[in-house]
Amino acid sequence: MTTLPASSAAPSGVPSGVPVLETAELVLRGYRETDFEPFAAFSASPRASFVGGPQSRWDAWRAFLAAIGHWSLRGYGMWIAEHRATGQVAGRIGVMFNDGWHEPELAWHIYDGFEGRGLAYQAALAARDHAAQHWGMVRPMSYISPDNVRSVRLAKRLGCALEREVAVLGRPCQLWRHPTGGED
Amino acid sequence: MSISAASIPVIETRRLVLRGPEPQDYPDFKATFASYRSRFMGGPLNAYETWMLYAAEIGHWAIRGYGMWMIHERDTQETCGMAGGWFPAKWPEREIAWIIWPEKTGKGYALEATHAVRKYLYEKLGWDGAVSYIDPKNLDSIRLAERLGAAKDPNAANIDGNDAVYRHPSPERLKSGQIRDGIELEISHYCDPLFKPKGFPVD
C-alpha cells in the first residue's frame with residue numbers, strides 16, 4: 001500500500017500550504033485521510049440536508065477530495081475545524097467557490113455534537129478575518145437555505161444582512177452579505 | 001503558499017507530457033465531461049458535478065500520493081485527456097484509468113500515456129498490479145485494456161455489478177518482453193507511421 005499522509009510526504013499538488021488558524025477552542029487546518037469518517041457521517045446525516053445532502057458514501061468521498069483540491073484550484077478553501085480539547089472534527093469552515101456559484105462563499109458546517117457552543121461563530125470570525133486580510137475578500141457572502149433557522153441566526157450574529165433570493169444548483173436559497181471582515 | 005500542482009511528478013513520453021491537473025486545464029476537462037464522451041465515466045455531468053470531480057482529481061493526489069495526470073501534447077501543449085491511478089474509498093482494488101478528449105482520439109495517446117503511467121506506478125510507487133473497471137459497453141476502452149496486455153478477470157470483485165474487471169499484467173510479466181515490446185512497437189507506429197497518406201484522392 002502506497003498511501004501517504006496528506007501532510008508531509010505526498011509528492012503531489014497537495015494543499016500542504018493550507019494555513020493553520022487558531023481560535024479559543026478550535027484549530028482550523030488542512031485535511032487528513034482520517035477526517036473522512038466524520039465528514040462522511042455528516043454528509044449522510046439529516047444535518048446535511050441544507051448543504052446538498054444527505055449524500056451517498058461515494059458522493060461524500062468525491063466531495064472530501066474536492067474540498068482538498070479546491071485549495072489547489074482557487075488558492076483558498078474550507079478548513080477542517082478541529083476541536084482542540086478533544087481532537088475531534090467539529091465541522092468545516094472557510095471559503096468555497098464552486099463552478100455555478102455567484103461568487104466566493106463563506107460557508108460553515110457544524111457536525112453533530114458541536115452545535116450550540118459558539119464554535120461556528122468563533123470559526124466564522126477567524127475565517128472571515130483571514131479571507132479579508134490574505135485573500136482580499138471584503139464583505140463576502142453566505143448562501144443559506146431559508147429553512148436553516150440556526151444558520152440564519154448565526155448569520156445575523158455575524159452582522160450579515162439578507163441581500164437577495166437566488167437559486168443554487170436549482171434550489172432556492174438566500175444570499176446573505178457579511179460586513180467588512182476584521183471589524184469585530 | 002505551495003498550493004499548486006507543481007509538485008506532482010512530470011512524466012514525459014515521445015509525444016506527450018503528463019503533469020498534475022492545473023486550474024487552467026479545467027475548461028478542457030469540463031468540455032469532455034459535459035459531453036456524451038463521458039457516458040462511461042459517470043457523465044455527462046453538470047457544471048457543479050464536473051467541478052467537484054475535477055477538484056477531487058487533485059484531492060486524490062493529496063490523500064493517496066498518486067492520481068490522474070493531465071496529458072498534454074508535447075508539440076502543441078494542448079491537453080488531450082487524463083490517465084493515472086484511481087482508488088476511491090472502499091473500492092476493491094487500485095485502478096488504472098484513462099480518458100481521451102473526443103477530438104484527440106485515434107492517435108494512440110491513451111496507449112502511450114497509460115503505458116507510461118503504469119510503468120511509473122509499478123516501478124516508482126511499487127504497485128504489484130492493478131485493474132481497470134470498464135463498462136462492458138465501452139468497447140474502445142476494452143480494446144485498449146487488451147492492447148495494454150490486460151485480461152478480463154471474471155472472479156475479481158467489481159464496483160457495483162455494472163462493470164467488468166480487467167486485470168493488468170504484473171510488473172514481472174510486463175518486464176518479460178513480449179507484452180511490453182508489442183505495446184512499444186504499436187506506439188512507435190503511431191509516432192512514425194510506415195505509410196503516410198499523401199492526401200485524399202480527387203475525383
# chains A, B, ... in the order shown; residues from 1 in each chain; ligands from 1

$ residues_around --residues "range 63-72 of chain A" --least-positions-apart "2" --cutoff "6 Å" --atoms "only C-alpha atoms" --output "PyMOL selection string"
(chain A and resi 60-61+74-77) or (chain B and resi 3-4+52+55-56+58-60)

$ closest_atom_pairs --of "chain B" --to "chain A" --cutoff "9 Å" --atoms "only C-alpha atoms" --output "JSON lines"
{"residue": "B:Met1", "atom": "CA", "partner": "A:Gly17", "partner_atom": "CA", "distance": 4.9}
{"residue": "B:Ser2", "atom": "CA", "partner": "A:Gly17", "partner_atom": "CA", "distance": 5.1}
{"residue": "B:Ile3", "atom": "CA", "partner": "A:Pro15", "partner_atom": "CA", "distance": 4.9}
{"residue": "B:Ser4", "atom": "CA", "partner": "A:Ser72", "partner_atom": "CA", "distance": 5.0}
{"residue": "B:Ala5", "atom": "CA", "partner": "A:Gly13", "partner_atom": "CA", "distance": 3.6}
{"residue": "B:Ala6", "atom": "CA", "partner": "A:Gly13", "partner_atom": "CA", "distance": 5.8}
{"residue": "B:Ser7", "atom": "CA", "partner": "A:Ser12", "partner_atom": "CA", "distance": 4.8}
{"residue": "B:Ile8", "atom": "CA", "partner": "A:Ser12", "partner_atom": "CA", "distance": 4.0}
{"residue": "B:Pro9", "atom": "CA", "partner": "A:Ser12", "partner_atom": "CA", "distance": 7.1}
{"residue": "B:Gly20", "atom": "CA", "partner": "A:Gly13", "partner_atom": "CA", "distance": 6.9}
{"residue": "B:Pro21", "atom": "CA", "partner": "A:Gly13", "partner_atom": "CA", "distance": 8.4}
{"residue": "B:Glu22", "atom": "CA", "partner": "A:Leu73", "partner_atom": "CA", "distance": 6.9}
{"residue": "B:Pro23", "atom": "CA", "partner": "A:Leu73", "partner_atom": "CA", "distance": 5.1}
{"residue": "B:Gln24", "atom": "CA", "partner": "A:Leu73", "partner_atom": "CA", "distance": 8.8}
{"residue": "B:Ala47", "atom": "CA", "partner": "A:Asp99", "partner_atom": "CA", "distance": 5.9}
{"residue": "B:Tyr48", "atom": "CA", "partner": "A:Asp99", "partner_atom": "CA", "distance": 5.3}
{"residue": "B:Glu49", "atom": "CA", "partner": "A:Asp99", "partner_atom": "CA", "distance": 8.6}
{"residue": "B:Thr50", "atom": "CA", "partner": "A:Asp99", "partner_atom": "CA", "distance": 8.2}
{"residue": "B:Trp51", "atom": "CA", "partner": "A:Asp99", "partner_atom": "CA", "distance": 5.8}
{"residue": "B:Met52", "atom": "CA", "partner": "A:Ala66", "partner_atom": "CA", "distance": 5.4}
{"residue": "B:Leu53", "atom": "CA", "partner": "A:Arg62", "partner_atom": "CA", "distance": 6.6}
{"residue": "B:Tyr54", "atom": "CA", "partner": "A:Ala66", "partner_atom": "CA", "distance": 7.3}
{"residue": "B:Ala55", "atom": "CA", "partner": "A:Ala66", "partner_atom": "CA", "distance": 4.3}
{"residue": "B:Ala56", "atom": "CA", "partner": "A:Ala66", "partner_atom": "CA", "distance": 3.8}
{"residue": "B:Glu57", "atom": "CA", "partner": "A:Gly69", "partner_atom": "CA", "distance": 7.1}
{"residue": "B:Ile58", "atom": "CA", "partner": "A:Gly69", "partner_atom": "CA", "distance": 4.7}
{"residue": "B:Gly59", "atom": "CA", "partner": "A:Leu65", "partner_atom": "CA", "distance": 4.2}
{"residue": "B:His60", "atom": "CA", "partner": "A:Leu65", "partner_atom": "CA", "distance": 5.8}
{"residue": "B:Trp61", "atom": "CA", "partner": "A:Ser12", "partner_atom": "CA", "distance": 5.7}
{"residue": "B:Ala62", "atom": "CA", "partner": "A:Val14", "partner_atom": "CA", "distance": 4.7}
{"residue": "B:Ile63", "atom": "CA", "partner": "A:Ala6", "partner_atom": "CA", "distance": 5.1}
{"residue": "B:Arg64", "atom": "CA", "partner": "A:Thr3", "partner_atom": "CA", "distance": 4.8}
{"residue": "B:Gly65", "atom": "CA", "partner": "A:Ala10", "partner_atom": "CA", "distance": 4.9}
{"residue": "B:Tyr66", "atom": "CA", "partner": "A:Ser12", "partner_atom": "CA", "distance": 7.2}
{"residue": "B:Gly67", "atom": "CA", "partner": "A:Ser12", "partner_atom": "CA", "distance": 8.8}
{"residue": "B:Pro88", "atom": "CA", "partner": "A:Trp61", "partner_atom": "CA", "distance": 7.1}
{"residue": "B:Ala89", "atom": "CA", "partner": "A:Trp61", "partner_atom": "CA", "distance": 6.9}
{"residue": "B:Leu125", "atom": "CA", "partner": "A:Thr2", "partner_atom": "CA", "distance": 6.7}
{"residue": "B:Gly126", "atom": "CA", "partner": "A:Thr2", "partner_atom": "CA", "distance": 7.6}
{"residue": "B:Trp127", "atom": "CA", "partner": "A:Met1", "partner_atom": "CA", "distance": 7.7}

$ select_by_dssp --residues "chain B" --states "alpha helix (DSSP H)" --output "VMD selection string"
chain B and resid 26 to 33 47 to 64 109 to 123 139 to 147 171 to 175 178 to 191

$ closest_residue --among "B:Lys137, B:Arg143, B:Lys30, B:Lys175" --to "Ala110 in chain B" --atoms "only C-alpha atoms"
B:Arg143

$ residues_around --residues "Gly94 in chain A" --least-positions-apart "2" --cutoff "6 Å" --atoms "only C-alpha atoms" --output "list in words"
Gly77, Met78, Trp79, Leu106, Ala107 and Ala127 of chain A

$ write_last_selection --atoms "N, CA and C atoms" --output "PDB file, in the first residue's frame"
ATOM      1  N   GLY A  77      -9.943  27.864   0.457  1.00  0.00           N
ATOM      2  CA  GLY A  77     -10.910  26.784   0.570  1.00  0.00           C
ATOM      3  C   GLY A  77     -11.492  26.700   1.961  1.00  0.00           C
ATOM      4  N   MET A  78     -12.035  25.531   2.274  1.00  0.00           N
ATOM      5  CA  MET A  78     -12.612  25.315   3.601  1.00  0.00           C
ATOM      6  C   MET A  78     -11.633  24.506   4.450  1.00  0.00           C
ATOM      7  N   TRP A  79     -11.512  24.930   5.701  1.00  0.00           N
ATOM      8  CA  TRP A  79     -10.662  24.219   6.654  1.00  0.00           C
ATOM      9  C   TRP A  79     -11.454  23.121   7.363  1.00  0.00           C
ATOM     10  N   LEU A 106     -18.517  32.308   2.031  1.00  0.00           N
ATOM     11  CA  LEU A 106     -18.059  31.919   3.372  1.00  0.00           C
ATOM     12  C   LEU A 106     -19.066  30.910   3.917  1.00  0.00           C
ATOM     13  N   ALA A 107     -18.597  29.681   4.115  1.00  0.00           N
ATOM     14  CA  ALA A 107     -19.524  28.596   4.466  1.00  0.00           C
ATOM     15  C   ALA A 107     -19.118  27.942   5.775  1.00  0.00           C
ATOM     16  N   ALA A 127     -12.178  32.863  10.092  1.00  0.00           N
ATOM     17  CA  ALA A 127     -12.096  32.624   8.642  1.00  0.00           C
ATOM     18  C   ALA A 127     -12.361  33.913   7.870  1.00  0.00           C
TER      19      ALA A 127
END

$ select_by_dssp --residues "chain A" --states "strand (DSSP E)" --output "ChimeraX atom specification"
/A:21-22,26-29,78-83,89-96,105-110,141-144,161-168,171-177

$ write_last_selection --atoms "C-alpha atoms" --output "mmCIF file, in the first residue's frame"
data_model
loop_
_atom_site.group_PDB
_atom_site.id
_atom_site.type_symbol
_atom_site.label_atom_id
_atom_site.label_comp_id
_atom_site.auth_asym_id
_atom_site.auth_seq_id
_atom_site.Cartn_x
_atom_site.Cartn_y
_atom_site.Cartn_z
ATOM 1 C CA LEU A 21 -5.702 29.315 12.224
ATOM 2 C CA GLU A 22 -6.318 29.150 15.939
ATOM 3 C CA LEU A 26 -10.651 25.337 17.531
ATOM 4 C CA VAL A 27 -7.749 24.696 15.222
ATOM 5 C CA LEU A 28 -8.579 25.367 11.584
ATOM 6 C CA ARG A 29 -6.295 23.199 9.487
ATOM 7 C CA MET A 78 -12.612 25.315 3.601
ATOM 8 C CA TRP A 79 -10.662 24.219 6.654
ATOM 9 C CA ILE A 80 -11.247 21.287 8.919
ATOM 10 C CA ALA A 81 -12.299 22.739 12.285
ATOM 11 C CA GLU A 82 -10.701 20.550 14.905
ATOM 12 C CA HIS A 83 -11.945 20.839 18.464
ATOM 13 C CA VAL A 89 -13.574 17.187 13.950
ATOM 14 C CA ALA A 90 -16.222 19.742 14.905
ATOM 15 C CA GLY A 91 -17.034 20.790 11.365
ATOM 16 C CA ARG A 92 -15.700 22.742 8.415
ATOM 17 C CA ILE A 93 -15.419 26.444 7.784
ATOM 18 C CA GLY A 94 -13.965 28.560 5.028
ATOM 19 C CA VAL A 95 -14.467 29.954 1.572
ATOM 20 C CA MET A 96 -15.914 27.888 -1.246
ATOM 21 C CA GLU A 105 -18.950 31.915 -0.311
ATOM 22 C CA LEU A 106 -18.059 31.919 3.372
ATOM 23 C CA ALA A 107 -19.524 28.596 4.466
ATOM 24 C CA TRP A 108 -19.796 26.673 7.731
ATOM 25 C CA HIS A 109 -20.809 23.121 8.513
ATOM 26 C CA ILE A 110 -21.073 22.147 12.162
ATOM 27 C CA MET A 141 -21.472 36.341 1.077
ATOM 28 C CA SER A 142 -23.010 33.201 2.541
ATOM 29 C CA TYR A 143 -25.700 31.072 0.947
ATOM 30 C CA ILE A 144 -28.296 29.978 3.470
ATOM 31 C CA ALA A 161 -27.807 41.199 6.053
ATOM 32 C CA LEU A 162 -30.116 39.412 3.655
ATOM 33 C CA GLU A 163 -29.253 40.712 0.210
ATOM 34 C CA ARG A 164 -31.353 38.729 -2.242
ATOM 35 C CA GLU A 165 -33.014 35.444 -3.090
ATOM 36 C CA VAL A 166 -31.064 33.286 -5.507
ATOM 37 C CA ALA A 167 -31.007 29.726 -6.803
ATOM 38 C CA VAL A 168 -28.012 27.465 -6.276
ATOM 39 C CA ARG A 171 -32.604 25.145 -5.201
ATOM 40 C CA PRO A 172 -33.931 28.395 -3.788
ATOM 41 C CA CYS A 173 -31.502 29.958 -1.400
ATOM 42 C CA GLN A 174 -30.799 33.269 0.322
ATOM 43 C CA LEU A 175 -27.665 35.266 -0.256
ATOM 44 C CA TRP A 176 -26.524 36.953 2.965
ATOM 45 C CA ARG A 177 -23.882 39.686 2.863
#

$ residues_around --residues "range 32-36 of chain B" --least-positions-apart "4" --cutoff "12 Å" --atoms "only C-alpha atoms" --output "list in words"
Asp25, Tyr26, Pro27, Asp28, Phe40, Met41, Gly42, Gly43, Pro44, Leu45, Asn46, Ala47, Tyr48, Glu49, Thr50, Trp51, Met52, Leu53, Tyr54, Thr79, Cys80, Gly81, Met82, Ile99, Ile100, Trp101, Pro102, Glu103 and Lys104 of chain B

$ write_last_selection --atoms "N, CA and C atoms" --output "compact mmCIF listing (two decimals), in the first residue's frame"
# COMPACT_ATOMS: atom_id res chain seq x y z
N ASP B 25 -6.50 24.00 -16.82
CA ASP B 25 -6.94 22.86 -17.63
C ASP B 25 -8.43 22.56 -17.43
N TYR B 26 -9.04 23.22 -16.46
CA TYR B 26 -10.42 22.87 -16.11
C TYR B 26 -11.40 23.00 -17.29
N PRO B 27 -11.33 24.04 -18.11
CA PRO B 27 -12.31 24.14 -19.21
C PRO B 27 -12.25 22.95 -20.18
N ASP B 28 -11.06 22.40 -20.42
CA ASP B 28 -10.96 21.25 -21.32
C ASP B 28 -11.62 20.02 -20.69
N PHE B 40 -19.33 6.74 -20.06
CA PHE B 40 -18.82 5.57 -19.34
C PHE B 40 -18.02 5.97 -18.10
N MET B 41 -17.89 7.26 -17.87
CA MET B 41 -17.15 7.76 -16.70
C MET B 41 -18.10 8.48 -15.74
N GLY B 42 -19.36 8.07 -15.74
CA GLY B 42 -20.31 8.67 -14.82
C GLY B 42 -20.98 9.92 -15.34
N GLY B 43 -20.64 10.35 -16.55
CA GLY B 43 -21.22 11.56 -17.11
C GLY B 43 -22.38 11.26 -18.03
N PRO B 44 -22.88 12.25 -18.77
CA PRO B 44 -22.44 13.66 -18.70
C PRO B 44 -22.79 14.30 -17.36
N LEU B 45 -21.96 15.26 -16.96
CA LEU B 45 -22.12 15.93 -15.68
C LEU B 45 -22.49 17.39 -15.88
N ASN B 46 -23.21 17.95 -14.91
CA ASN B 46 -23.46 19.40 -14.94
C ASN B 46 -22.23 20.14 -14.40
N ALA B 47 -22.29 21.45 -14.43
CA ALA B 47 -21.11 22.25 -14.08
C ALA B 47 -20.62 21.96 -12.65
N TYR B 48 -21.57 21.87 -11.72
CA TYR B 48 -21.18 21.64 -10.33
C TYR B 48 -20.52 20.26 -10.16
N GLU B 49 -21.15 19.25 -10.76
CA GLU B 49 -20.60 17.89 -10.64
C GLU B 49 -19.22 17.81 -11.28
N THR B 50 -19.07 18.50 -12.41
CA THR B 50 -17.79 18.49 -13.10
C THR B 50 -16.72 19.14 -12.23
N TRP B 51 -17.08 20.26 -11.64
CA TRP B 51 -16.14 20.97 -10.76
C TRP B 51 -15.71 20.10 -9.59
N MET B 52 -16.70 19.45 -8.97
CA MET B 52 -16.39 18.60 -7.82
C MET B 52 -15.47 17.45 -8.24
N LEU B 53 -15.72 16.88 -9.41
CA LEU B 53 -14.88 15.78 -9.86
C LEU B 53 -13.47 16.27 -10.17
N TYR B 54 -13.37 17.44 -10.79
CA TYR B 54 -12.04 17.95 -11.13
C TYR B 54 -11.24 18.28 -9.85
N THR B 79 -4.09 20.04 -23.95
CA THR B 79 -4.44 18.85 -23.20
C THR B 79 -5.18 17.89 -24.13
N CYS B 80 -5.04 16.59 -23.87
CA CYS B 80 -5.80 15.64 -24.68
C CYS B 80 -6.47 14.56 -23.86
N GLY B 81 -6.37 14.63 -22.54
CA GLY B 81 -7.06 13.64 -21.72
C GLY B 81 -6.35 13.46 -20.40
N MET B 82 -6.72 12.39 -19.70
CA MET B 82 -6.10 12.10 -18.41
C MET B 82 -5.83 10.60 -18.30
N ILE B 99 -8.90 8.63 -19.89
CA ILE B 99 -9.94 9.22 -20.74
C ILE B 99 -9.24 10.14 -21.73
N ILE B 100 -9.67 10.09 -22.98
CA ILE B 100 -9.10 10.95 -24.02
C ILE B 100 -10.22 11.84 -24.54
N TRP B 101 -9.93 13.14 -24.68
CA TRP B 101 -10.95 14.06 -25.19
C TRP B 101 -11.42 13.58 -26.58
N PRO B 102 -12.67 13.79 -26.89
CA PRO B 102 -13.20 13.22 -28.15
C PRO B 102 -12.45 13.69 -29.39
N GLU B 103 -11.92 14.91 -29.40
CA GLU B 103 -11.25 15.41 -30.61
C GLU B 103 -9.79 14.96 -30.69
N LYS B 104 -9.33 14.21 -29.68
CA LYS B 104 -7.92 13.78 -29.68
C LYS B 104 -7.79 12.26 -29.81

$ closest_residue --among "B:Leu111, B:Val10, B:Leu16, B:Leu185" --to "Thr76 in chain B" --atoms "only C-alpha atoms"
B:Leu16

$ decode --residues "range 119-197 of chain B" --atoms "C-alpha atoms" --output "short mmCIF file (atom, residue, chain, number, x, y, z; two decimals), in the first residue's frame"
data_model
loop_
_atom_site.label_atom_id
_atom_site.label_comp_id
_atom_site.auth_asym_id
_atom_site.auth_seq_id
_atom_site.Cartn_x
_atom_site.Cartn_y
_atom_site.Cartn_z
CA LYS B 119 5.28 1.87 -15.64
CA TYR B 120 5.52 4.75 -13.14
CA LEU B 121 3.05 3.20 -10.70
CA TYR B 122 4.82 -0.16 -10.90
CA GLU B 123 8.40 0.99 -10.82
CA LYS B 124 8.34 4.20 -8.80
CA LEU B 125 5.46 3.52 -6.42
CA GLY B 126 5.88 -0.22 -6.12
CA TRP B 127 2.41 -1.32 -7.22
CA ASP B 128 2.29 -5.10 -7.58
CA GLY B 129 -0.60 -5.00 -10.03
CA ALA B 130 -3.73 -3.08 -10.95
CA VAL B 131 -7.12 -3.44 -12.55
CA SER B 132 -9.32 -1.31 -14.75
CA TYR B 133 -13.06 -1.21 -14.17
CA ILE B 134 -14.73 -0.88 -17.55
CA ASP B 135 -18.33 -0.67 -18.64
CA PRO B 136 -18.96 -3.74 -20.83
CA LYS B 137 -20.41 -1.43 -23.49
CA ASN B 138 -17.23 0.64 -23.63
CA LEU B 139 -15.65 -1.32 -26.44
CA ASP B 140 -12.90 1.20 -27.16
CA SER B 141 -11.67 1.01 -23.58
CA ILE B 142 -11.88 -2.78 -23.54
CA ARG B 143 -9.78 -2.83 -26.71
CA LEU B 144 -7.25 -0.53 -25.09
CA ALA B 145 -7.09 -2.67 -21.94
CA GLU B 146 -6.35 -5.67 -24.14
CA ARG B 147 -3.72 -3.79 -26.14
CA LEU B 148 -2.12 -2.98 -22.78
CA GLY B 149 -1.97 -6.69 -22.03
CA ALA B 150 -4.84 -6.69 -19.52
CA ALA B 151 -7.31 -9.57 -19.48
CA LYS B 152 -10.83 -9.85 -18.14
CA ASP B 153 -10.85 -11.30 -14.63
CA PRO B 154 -14.30 -12.79 -14.10
CA ASN B 155 -13.53 -13.73 -10.50
CA ALA B 156 -12.46 -10.29 -9.30
CA ALA B 157 -14.81 -8.13 -7.26
CA ASN B 158 -16.25 -5.25 -9.27
CA ILE B 159 -17.59 -1.91 -8.08
CA ASP B 160 -21.33 -2.05 -8.49
CA GLY B 161 -22.15 -5.04 -10.65
CA ASN B 162 -22.23 -2.99 -13.83
CA ASP B 163 -18.56 -3.08 -14.74
CA ALA B 164 -16.09 -5.66 -15.98
CA VAL B 165 -12.73 -6.04 -14.27
CA TYR B 166 -9.65 -6.12 -16.50
CA ARG B 167 -6.50 -7.21 -14.74
CA HIS B 168 -3.23 -5.70 -15.86
CA PRO B 169 -0.13 -7.85 -16.27
CA SER B 170 2.04 -7.94 -13.17
CA PRO B 171 5.27 -5.94 -13.13
CA GLU B 172 7.20 -9.18 -13.69
CA ARG B 173 5.15 -10.19 -16.72
CA LEU B 174 5.39 -6.69 -18.11
CA LYS B 175 9.16 -6.84 -17.85
CA SER B 176 9.36 -10.14 -19.65
CA GLY B 177 9.34 -8.55 -23.04
CA GLN B 178 6.62 -9.70 -25.33
CA ILE B 179 3.76 -7.61 -23.96
CA ARG B 180 5.92 -4.56 -23.45
CA ASP B 181 7.61 -4.87 -26.83
CA GLY B 182 4.24 -5.18 -28.55
CA ILE B 183 2.95 -2.04 -26.86
CA GLU B 184 6.07 -0.07 -27.65
CA LEU B 185 6.03 -1.24 -31.26
CA GLU B 186 2.44 -0.11 -31.60
CA ILE B 187 3.27 3.28 -30.07
CA SER B 188 6.26 3.65 -32.39
CA HIS B 189 3.97 3.02 -35.36
CA TYR B 190 1.76 5.88 -34.21
CA CYS B 191 4.83 8.09 -33.89
CA ASP B 192 6.42 7.07 -37.18
CA PRO B 193 3.75 5.57 -39.41
CA LEU B 194 5.08 3.19 -42.04
CA PHE B 195 2.70 4.64 -44.59
CA LYS B 196 1.66 8.25 -44.51
CA PRO B 197 -1.32 9.32 -46.58
#
